[in-house]
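Text of input.txt (compact mmCIF, C-alpha atoms) as supplied:
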# COMPACT_ATOMS: atom_id res chain seq x y z
CA MET A 1373 129.83 118.13 112.03
CA ALA A 1374 129.48 120.50 109.10
CA ARG A 1375 126.28 120.37 107.13
CA THR A 1376 126.75 118.84 103.69
CA THR A 1377 123.45 119.83 102.17
CA GLY A 1378 123.58 123.60 102.60
CA SER A 1379 121.08 125.72 104.47
CA ASP A 1380 118.16 125.29 102.12
CA GLY A 1381 115.33 123.56 103.98
CA GLU A 1382 114.00 121.65 101.00
CA ARG A 1383 117.42 120.28 100.14
CA THR A 1384 117.99 119.20 103.71
CA GLU A 1385 114.59 117.53 103.91
CA ALA A 1386 115.24 115.69 100.64
CA ALA A 1387 118.64 114.57 101.90
CA ILE A 1388 117.04 113.22 105.08
CA ARG A 1389 114.60 111.18 103.00
CA ASP A 1390 117.36 109.82 100.78
CA ALA A 1391 119.52 108.83 103.74
CA ALA A 1392 116.61 107.23 105.56
CA VAL A 1393 115.55 105.15 102.56
CA ASP A 1394 119.08 103.87 102.12
CA LEU A 1395 119.59 103.06 105.79
CA PHE A 1396 116.15 101.52 106.30
CA ALA A 1397 116.58 99.33 103.21
CA ARG A 1398 120.05 98.10 104.19
CA ARG A 1399 119.69 97.76 107.96
CA GLY A 1400 115.97 97.69 108.70
CA TYR A 1401 113.84 100.41 110.25
CA GLU A 1402 114.11 99.21 113.85
CA ALA A 1403 117.92 99.01 113.71
CA VAL A 1404 118.40 102.56 112.44
CA THR A 1405 118.52 105.53 114.82
CA THR A 1406 117.79 109.16 114.10
CA ARG A 1407 121.39 109.88 115.07
CA GLN A 1408 122.59 107.63 112.24
CA ILE A 1409 120.29 109.33 109.75
CA ALA A 1410 121.51 112.74 110.87
CA ALA A 1411 125.13 111.63 110.56
CA ALA A 1412 124.53 110.40 107.01
CA VAL A 1413 123.06 113.79 106.08
CA GLY A 1414 125.63 115.83 107.98
CA VAL A 1415 123.34 117.61 110.43
CA GLN A 1416 122.73 117.52 114.15
CA SER A 1417 120.14 114.99 115.34
CA ALA A 1418 117.92 117.79 116.60
CA ALA A 1419 117.65 119.16 113.05
CA LEU A 1420 115.70 116.09 111.95
CA TYR A 1421 112.87 116.92 114.30
CA ARG A 1422 112.23 120.17 112.47
CA TYR A 1423 111.10 118.10 109.50
CA PHE A 1424 109.96 114.83 111.06
CA PRO A 1425 108.92 114.92 114.75
CA THR A 1426 109.34 111.14 115.08
CA LYS A 1427 111.11 108.38 113.19
CA GLU A 1428 107.72 106.90 112.34
CA ASP A 1429 106.67 110.22 110.79
CA LEU A 1430 109.67 109.89 108.50
CA LEU A 1431 108.82 106.29 107.59
CA VAL A 1432 105.19 107.15 106.84
CA ASP A 1433 106.31 110.09 104.70
CA LEU A 1434 108.58 107.80 102.67
CA MET A 1435 105.85 105.21 102.16
CA ARG A 1436 103.21 107.78 101.27
CA ARG A 1437 105.45 109.47 98.73
CA HIS A 1438 106.34 106.11 97.21
CA MET A 1439 102.70 105.15 96.71
CA GLU A 1440 101.65 108.58 95.48
CA ALA A 1441 104.47 108.53 92.92
CA LEU A 1442 103.45 105.04 91.79
CA ILE A 1443 99.83 106.10 91.34
CA ALA A 1444 100.92 109.24 89.48
CA SER A 1445 103.18 107.24 87.18
CA TRP A 1446 100.25 105.01 86.23
CA ASP A 1447 97.95 107.98 85.69
CA ALA A 1448 100.55 109.50 83.35
CA ILE A 1449 100.78 106.48 81.01
CA ARG A 1450 97.30 105.01 81.33
CA PRO A 1451 96.15 103.98 77.80
CA ALA A 1452 93.63 106.36 76.28
CA ASP A 1453 91.38 103.53 75.07
CA PRO A 1454 89.65 101.99 78.11
CA ALA A 1455 87.99 99.40 75.86
CA ASP A 1456 91.22 97.43 75.36
CA PRO A 1457 91.96 95.55 78.60
CA VAL A 1458 94.97 93.77 77.12
CA ALA A 1459 96.67 97.08 76.27
CA ARG A 1460 95.82 98.39 79.73
CA LEU A 1461 97.18 95.26 81.40
CA SER A 1462 100.37 95.45 79.33
CA ALA A 1463 100.89 99.10 80.25
CA PHE A 1464 100.22 98.40 83.92
CA VAL A 1465 102.75 95.58 84.12
CA ASP A 1466 105.44 97.48 82.23
CA ASN A 1467 105.01 100.64 84.28
CA HIS A 1468 104.95 98.74 87.57
CA ILE A 1469 108.20 96.90 86.83
CA ARG A 1470 110.06 99.95 85.58
CA PHE A 1471 108.91 102.07 88.51
CA HIS A 1472 110.02 99.56 91.12
CA VAL A 1473 113.34 98.69 89.49
CA GLU A 1474 114.22 102.39 89.48
CA ARG A 1475 113.26 102.65 93.16
CA ARG A 1476 114.62 99.42 94.59
CA HIS A 1477 115.34 100.72 98.10
CA SER A 1478 112.10 102.65 98.35
CA THR A 1479 110.14 99.59 97.27
CA HIS A 1480 111.91 97.40 99.80
CA VAL A 1481 111.14 99.82 102.62
CA SER A 1482 107.52 100.26 101.53
CA ASN A 1483 106.93 96.51 101.46
CA MET A 1484 108.99 95.27 104.38
CA GLU A 1485 108.37 97.99 106.94
CA LEU A 1486 104.58 97.95 106.99
CA ARG A 1487 105.08 95.87 110.14
CA SER A 1488 106.73 98.88 111.80
CA LEU A 1489 103.72 101.19 111.50
CA SER A 1490 101.16 101.88 114.15
CA LYS A 1491 97.61 100.78 113.36
CA GLU A 1492 96.45 104.24 112.31
CA ARG A 1493 99.49 104.90 110.13
CA LEU A 1494 99.23 101.45 108.57
CA SER A 1495 95.63 102.16 107.56
CA GLN A 1496 96.74 105.35 105.78
CA ILE A 1497 99.28 103.51 103.65
CA LEU A 1498 97.03 100.54 102.98
CA ARG A 1499 94.36 102.86 101.61
CA LEU A 1500 96.83 104.10 99.00
CA ARG A 1501 97.91 100.56 98.14
CA THR A 1502 94.29 99.49 97.80
CA ALA A 1503 93.54 102.41 95.49
CA TYR A 1504 96.43 101.41 93.24
CA GLU A 1505 95.60 97.70 93.21
CA LYS A 1506 92.00 98.60 92.45
CA GLU A 1507 93.23 99.78 89.06
CA LEU A 1508 94.53 96.31 88.24
CA ARG A 1509 91.37 94.64 89.48
CA ALA A 1510 89.32 96.93 87.23
CA ILE A 1511 91.43 95.92 84.22
CA LEU A 1512 91.00 92.22 85.00
CA ARG A 1513 87.28 92.62 85.61
CA ASP A 1514 86.76 94.52 82.35
CA GLY A 1515 88.81 91.93 80.49
CA ALA A 1516 86.82 89.05 81.91
CA GLU A 1517 83.51 90.74 81.11
CA SER A 1518 84.59 91.41 77.52
CA GLY A 1519 85.94 87.91 77.01
CA ARG A 1520 89.45 89.20 76.30
CA LEU A 1521 90.80 87.83 79.58
CA ALA A 1522 90.10 84.55 81.35
CA VAL A 1523 89.95 85.37 85.04
CA ASP A 1524 88.06 83.20 87.52
CA ASP A 1525 88.90 85.18 90.66
CA VAL A 1526 89.73 88.84 90.05
CA GLY A 1527 91.03 89.57 93.54
CA LEU A 1528 93.26 86.49 93.73
CA THR A 1529 94.60 87.00 90.22
CA ALA A 1530 95.38 90.64 90.92
CA MET A 1531 97.23 89.64 94.08
CA ALA A 1532 99.26 87.03 92.19
CA ILE A 1533 100.22 89.50 89.46
CA ILE A 1534 101.22 92.22 91.93
CA GLN A 1535 103.38 89.81 93.91
CA MET A 1536 105.03 88.50 90.75
CA ILE A 1537 105.88 91.84 89.14
CA THR A 1538 106.97 93.50 92.38
CA GLY A 1539 109.25 90.54 93.11
CA VAL A 1540 111.49 91.55 90.22
CA ILE A 1541 113.46 93.83 92.56
CA VAL A 1542 114.56 90.83 94.65
CA TRP A 1543 116.79 89.43 91.94
CA PHE A 1544 117.14 91.95 89.11
CA ARG A 1545 120.46 93.72 88.67
CA PRO A 1546 120.88 96.18 85.75
CA ASP A 1547 124.44 95.03 85.02
CA GLU A 1548 123.50 91.38 84.52
CA ARG A 1549 122.35 89.58 81.39
CA LEU A 1550 118.79 90.96 81.15
CA SER A 1551 117.80 94.56 80.56
CA VAL A 1552 114.76 96.18 82.15
CA GLU A 1553 113.04 95.99 78.75
CA GLU A 1554 113.70 92.25 78.47
CA VAL A 1555 112.50 91.58 82.00
CA SER A 1556 109.36 93.61 81.39
CA ARG A 1557 108.58 91.72 78.17
CA THR A 1558 109.14 88.35 79.86
CA TYR A 1559 106.96 89.17 82.85
CA LEU A 1560 104.29 90.59 80.58
CA ALA A 1561 104.25 87.35 78.60
CA MET A 1562 103.81 85.40 81.84
CA THR A 1563 101.02 87.73 82.93
CA LEU A 1564 99.21 87.32 79.62
CA ARG A 1565 99.49 83.54 79.88
CA LEU A 1566 98.18 83.69 83.44
CA THR A 1567 95.13 85.58 82.25
CA ALA A 1568 94.86 83.73 78.93
CA ALA A 1569 94.79 87.11 77.22
CA GLN A 1570 93.39 87.30 73.71
CA GLU A 1571 95.43 89.72 71.63
CA SER A 1572 93.56 92.36 69.67
CA ARG A 1573 93.12 91.85 65.94
CA GLU A 1574 95.48 94.75 65.25
CA ASN A 1575 98.29 92.72 66.90

Just give me the structure as C-alpha cells.
Amino acid sequence: MARTTGSDGERTEAAIRDAAVDLFARRGYEAVTTRQIAAAVGVQSAALYRYFPTKEDLLVDLMRRHMEALIASWDAIRPADPADPVARLSAFVDNHIRFHVERRHSTHVSNMELRSLSKERLSQILRLRTAYEKELRAILRDGAESGRLAVDDVGLTAMAIIQMITGVIVWFRPDERLSVEEVSRTYLAMTLRLTAAQESREN
C-alpha cells in the first residue's frame, strides 16, 4: 500500500498518533491492532515500530501528550492575580471545558484506557493528572482560606468539579442548540454555586 503521509518522519509519526486516537476512541484500545493503525496511515505495519516499539508505547505517548498539552493550556491562561480565587476558578473551568471539547477523542482515550496501562506506565500518567488537579485544589484551598469560597472538603470538591466539567464531552455536540461558550458559562455557574463563590466587588 502506498504511503499517504510522505516520507517525512515527523509527518508519519503525527499521522500514526492521529489514526491511533481515532481508532482507540471508536473501537477501544484492546480491539485495535497495529495492522489496523498502519492501514489507516498508509504504511506497512513494521513502520510503526520505528516510532513506537509496542502498542502500549503508543498509548502512553498519546496520554502523556494529552496531559502535557492540558497543563500547558492552563499555564498559558492562568490569571495574573493569584489573590482572586473566583477569577482563577472561572478561568480553570472555562479552559478545561474548551480544551476537552476540542479534543473529544483524545480525552476519551485518556480517561477510558487507563485500565489498559501496565502499573509502571499508569503511575507515569497519574502523576501528570495529579499535578494538574493539584492546581484546582490550590484554587479551592485559597478560596476557602480567604472566605471567597465555601469548601468543606477540598479534595472531594475538586474531584466533583473535574468529573462534572470533563463529562461535557459525553453529550456535547457543536452543531446542537448550545455553543461551547454557552456550555462553559452554564457549567461555570454550577461550579460557583457548588462552591458558594462570592463574586468580587468589581463584578

Measuring atom to atom with all atoms listed in the file, identify which of A:Ala1418, A:Thr1567, A:Asp1514, A:Glu1553 is nearest to Ala1532 (chain A). A:Thr1567

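What separates CA of Ser1462 (chain A) from CA of Ile1511 (chain A) is a distance of 10.2 Å.
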
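The protein and nucleic acid residues lying at most 10 Å from Ala1568 (chain A) are Arg1520, Leu1521, Ala1522, Val1523, Met1562, Thr1563 and Leu1564 of chain A, with only C-alpha atoms considered and sequence neighbours fewer than 4 positions away removed.
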
Contacts of Ala1510 (chain A) at 10 Å (only C-alpha atoms; same-chain gap of 2+ positions) as a VMD selection string: chain A and resid 1457 1461 1505 to 1508 1512 to 1516 1526 to 1527 1530

C-alpha atoms of the current selection, written as a PDB file, in the coordinates of the input:
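Saved to result31.pdb:
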ATOM      1  CA  PRO A1457      91.960  95.550  78.600  1.00  0.00           C
ATOM      2  CA  LEU A1461      97.180  95.260  81.400  1.00  0.00           C
ATOM      3  CA  GLU A1505      95.600  97.700  93.210  1.00  0.00           C
ATOM      4  CA  LYS A1506      92.000  98.600  92.450  1.00  0.00           C
ATOM      5  CA  GLU A1507      93.230  99.780  89.060  1.00  0.00           C
ATOM      6  CA  LEU A1508      94.530  96.310  88.240  1.00  0.00           C
ATOM      7  CA  LEU A1512      91.000  92.220  85.000  1.00  0.00           C
ATOM      8  CA  ARG A1513      87.280  92.620  85.610  1.00  0.00           C
ATOM      9  CA  ASP A1514      86.760  94.520  82.350  1.00  0.00           C
ATOM     10  CA  GLY A1515      88.810  91.930  80.490  1.00  0.00           C
ATOM     11  CA  ALA A1516      86.820  89.050  81.910  1.00  0.00           C
ATOM     12  CA  VAL A1526      89.730  88.840  90.050  1.00  0.00           C
ATOM     13  CA  GLY A1527      91.030  89.570  93.540  1.00  0.00           C
ATOM     14  CA  ALA A1530      95.380  90.640  90.920  1.00  0.00           C
TER      15      ALA A1530
END

Name the residues in contact with region 1440-1452 of chain A at a cut-off of 9 Å, using only C-alpha atoms, excluding same-chain residues fewer than 6 positions from it; report them as a count of residues only. 12

Write out as a PyMOL selection string which residues come within 10 Å of Arg1487 (chain A) when counting only C-alpha atoms, dropping same-chain ones fewer than 5 positions away. chain A and resi 1401+1482+1494

Take the selection from the previous step and output its residues with C-alpha atoms, as a PDB file, keeping the file's coordinate frame.
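Output below, filename again_15.pdb:
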ATOM      1  CA  TYR A1401     113.840 100.410 110.250  1.00  0.00           C
ATOM      2  CA  SER A1482     107.520 100.260 101.530  1.00  0.00           C
ATOM      3  CA  LEU A1494      99.230 101.450 108.570  1.00  0.00           C
TER       4      LEU A1494
END

Considering only C-alpha atoms, state which residue in the set A:Ser1551, A:Thr1502, A:Thr1426, A:Ser1518 is at the smallest distance from Thr1405 (chain A).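 Result for the nearest residue to Thr1405 (chain A): A:Thr1426.
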
Give me the residues near Ile1388 (chain A) as JSON, numbers by chain, where near means some atom within 8 Å (using all atoms listed in the file) and where sequence neighbours in that chain fewer than 4 positions away do not count. {"A": [1384, 1392, 1409, 1410, 1413, 1420]}

Counting all atoms listed in the file, figure out which residue out of A:Ile1469, A:Lys1427, A:Asp1456, A:Glu1517 gets nearest to Val1552 (chain A).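 Once distances to Val1552 (chain A) are computed over all atoms listed in the file, the minimum belongs to A:Ile1469.
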
Rounded to one decimal, what separation in Å do you get between CA of Arg1565 (chain A) and CA of Met1536 (chain A)? 13.2 Å

For region 1549-1566 of chain A, I'd like the enclosing box, axis-aligned and padded by 4 Å on every side, reported as JSON with centre and edge lengths in Å to one decimal.
{"center_x": 110.3, "center_y": 89.9, "center_z": 80.8, "size_x": 32.2, "size_y": 20.6, "size_z": 13.3}

By how many Å are CA of Asp1390 (chain A) and CA of Leu1550 (chain A) apart? 27.3 Å
